[in-house]
Amino acid sequence: MTDRSKTGADGDGAPAAGDFGRRVAARREYLGLSRGDVALRTASAPGYIEYVETQPGSHGMGFVVRLAHALETTVDELTGGTVDLPPGAGRAAGHPRLVEIDQDECWRLIGSRGVGRVVVSDEGGPAVYPVNYVCVENRIAYRTSPDSGPAHAVGHETAFEVDHIDDAFSRGWSVLVVGAADALTEPRDVAVLENEAGTVTPWAGGERDLWVVVTAGRVTGRRIETDAP
């Protein structure tokens, strides 16, 4: 599941040329923004955003900071500074505050991501599996194979967790959904999910035709806020 940068031709592990641009383009497309939108947010020209995405090169830190804010991420995320670092290893930021998130905001945050963790219990004991998911009408749905670990959630109450950690500023949020997990077998309902999923497919690949739907019974969320910019 880890997104790792390409290595250089000499095999020394250095990022390949254009990794920064690829991250910018991927993040922009994930947010549904055009290059014009990003140019407006960064007070630059659309042509320059195209250059950033398609050509290797260095850019002023002021622009990179504006670009990170425009793409609702961090400088470290865009530049690949967190690719090989264990998340959450930094110290707490100045004046951290733990804040409860209301349900509307919880669902908005869930809808902004694409990878979550489902909790199951089988003959081997408790386990947590990362899965690609979609959020449809306040339900969590993911696709897996019938004999996989995530499939063991079917027929049980389960927990599904989504989070985002900003290591650069030592802040982040976490949302927990608890509810019943069921296998979706009605062709019409499956077609709706397939349409909602669009191009989102399980990163693990292979035949994964079982849709599991978690219907929320309880939704809670917390956020760590700081005085960082």
# chains A, B, ... in the order shown; residues from 1 in each chain; ligands from 1
>>> closest_atom_pairs(of="region 21-112 of chain A", to="region 116-131 of chain A", cutoff="12 Å", atoms="only C-alpha atoms", output="tab-separated table")
residue	atom	partner	partner_atom	distance
A:Leu109	CA	A:Gly116	CA	11.6
A:Ile110	CA	A:Gly116	CA	8.7
A:Gly111	CA	A:Gly116	CA	10.9
A:Ser112	CA	A:Gly116	CA	11.3
>>> residues_around(residues="Gly221 (chain A)", least_positions_apart="4", cutoff="7 Å", atoms="only C-alpha atoms", output="list in words")
Glu100, Ile101, Cys106, Ser174, Val175 and Leu176 of chain A
>>> closest_residue(among="A:Gly217, A:Pro187, A:Gly32, A:Gly172", to="Thr73 (chain A)", atoms="only C-alpha atoms")
A:Gly172
>>> atom_distance(atom1="CA of Val65 (chain A)", atom2="CA of Leu78 (chain A)")
9.7 Å
>>> select_by_dssp(residues="region 14-172 of chain A", states="helix (DSSP H, G or I)", output="PyMOL selection string")
chain A and resi 19-31+35-42+46-54+61-70+75-79+103-112+149-153
>>> atom_distance(atom1="CA of Val24 (chain A)", atom2="CA of Glu53 (chain A)")
6.3 Å
>>> decode(residues="region 149-169 of chain A", atoms="N, CA and C atoms", output="tab-separated table (two decimals), in the first residue's frame")
chain	number	residue	atom	x	y	z
A	149	GLY	N	-9.08	-11.34	4.48
A	149	GLY	CA	-9.28	-10.89	5.84
A	149	GLY	C	-10.41	-9.88	5.99
A	150	PRO	N	-10.47	-8.84	5.16
A	150	PRO	CA	-11.53	-7.85	5.30
A	150	PRO	C	-12.93	-8.43	5.13
A	151	ALA	N	-13.05	-9.58	4.44
A	151	ALA	CA	-14.36	-10.20	4.24
A	151	ALA	C	-14.93	-10.76	5.54
A	152	HIS	N	-14.07	-10.98	6.53
A	152	HIS	CA	-14.53	-11.54	7.79
A	152	HIS	C	-15.39	-10.57	8.59
A	153	ALA	N	-15.45	-9.32	8.14
A	153	ALA	CA	-16.31	-8.36	8.83
A	153	ALA	C	-17.79	-8.64	8.57
A	154	VAL	N	-18.10	-9.31	7.47
A	154	VAL	CA	-19.48	-9.55	7.07
A	154	VAL	C	-20.24	-10.32	8.16
A	155	GLY	N	-21.42	-9.80	8.49
A	155	GLY	CA	-22.26	-10.45	9.48
A	155	GLY	C	-21.96	-10.07	10.91
A	156	HIS	N	-21.07	-9.10	11.09
A	156	HIS	CA	-20.68	-8.70	12.44
A	156	HIS	C	-20.70	-7.18	12.56
A	157	GLU	N	-20.74	-6.71	13.80
A	157	GLU	CA	-20.51	-5.29	14.03
A	157	GLU	C	-19.00	-5.08	13.91
A	158	THR	N	-18.63	-4.02	13.24
A	158	THR	CA	-17.21	-3.78	13.02
A	158	THR	C	-16.90	-2.31	13.24
A	159	ALA	N	-15.63	-1.99	13.25
A	159	ALA	CA	-15.18	-0.60	13.34
A	159	ALA	C	-14.38	-0.27	12.09
A	160	PHE	N	-14.57	0.94	11.58
A	160	PHE	CA	-13.87	1.40	10.39
A	160	PHE	C	-13.26	2.75	10.71
A	161	GLU	N	-11.94	2.88	10.52
A	161	GLU	CA	-11.25	4.10	10.90
A	161	GLU	C	-10.59	4.75	9.70
A	162	VAL	N	-10.71	6.07	9.64
A	162	VAL	CA	-10.08	6.88	8.59
A	162	VAL	C	-9.33	8.00	9.29
A	163	ASP	N	-8.13	8.31	8.82
A	163	ASP	CA	-7.39	9.40	9.46
A	163	ASP	C	-6.49	10.11	8.46
A	164	HIS	N	-5.96	11.22	8.92
A	164	HIS	CA	-4.95	11.94	8.13
A	164	HIS	C	-3.98	12.57	9.12
A	165	ILE	N	-2.69	12.28	8.94
A	165	ILE	CA	-1.66	12.78	9.84
A	165	ILE	C	-0.76	13.74	9.09
A	166	ASP	N	-0.56	14.92	9.65
A	166	ASP	CA	0.32	15.94	9.10
A	166	ASP	C	1.58	15.98	9.95
A	167	ASP	N	2.60	15.20	9.56
A	167	ASP	CA	3.82	15.13	10.36
A	167	ASP	C	4.57	16.46	10.40
A	168	ALA	N	4.44	17.25	9.34
A	168	ALA	CA	5.17	18.51	9.29
A	168	ALA	C	4.76	19.44	10.42
A	169	PHE	N	3.47	19.44	10.77
A	169	PHE	CA	2.96	20.34	11.79
A	169	PHE	C	2.44	19.61	13.03
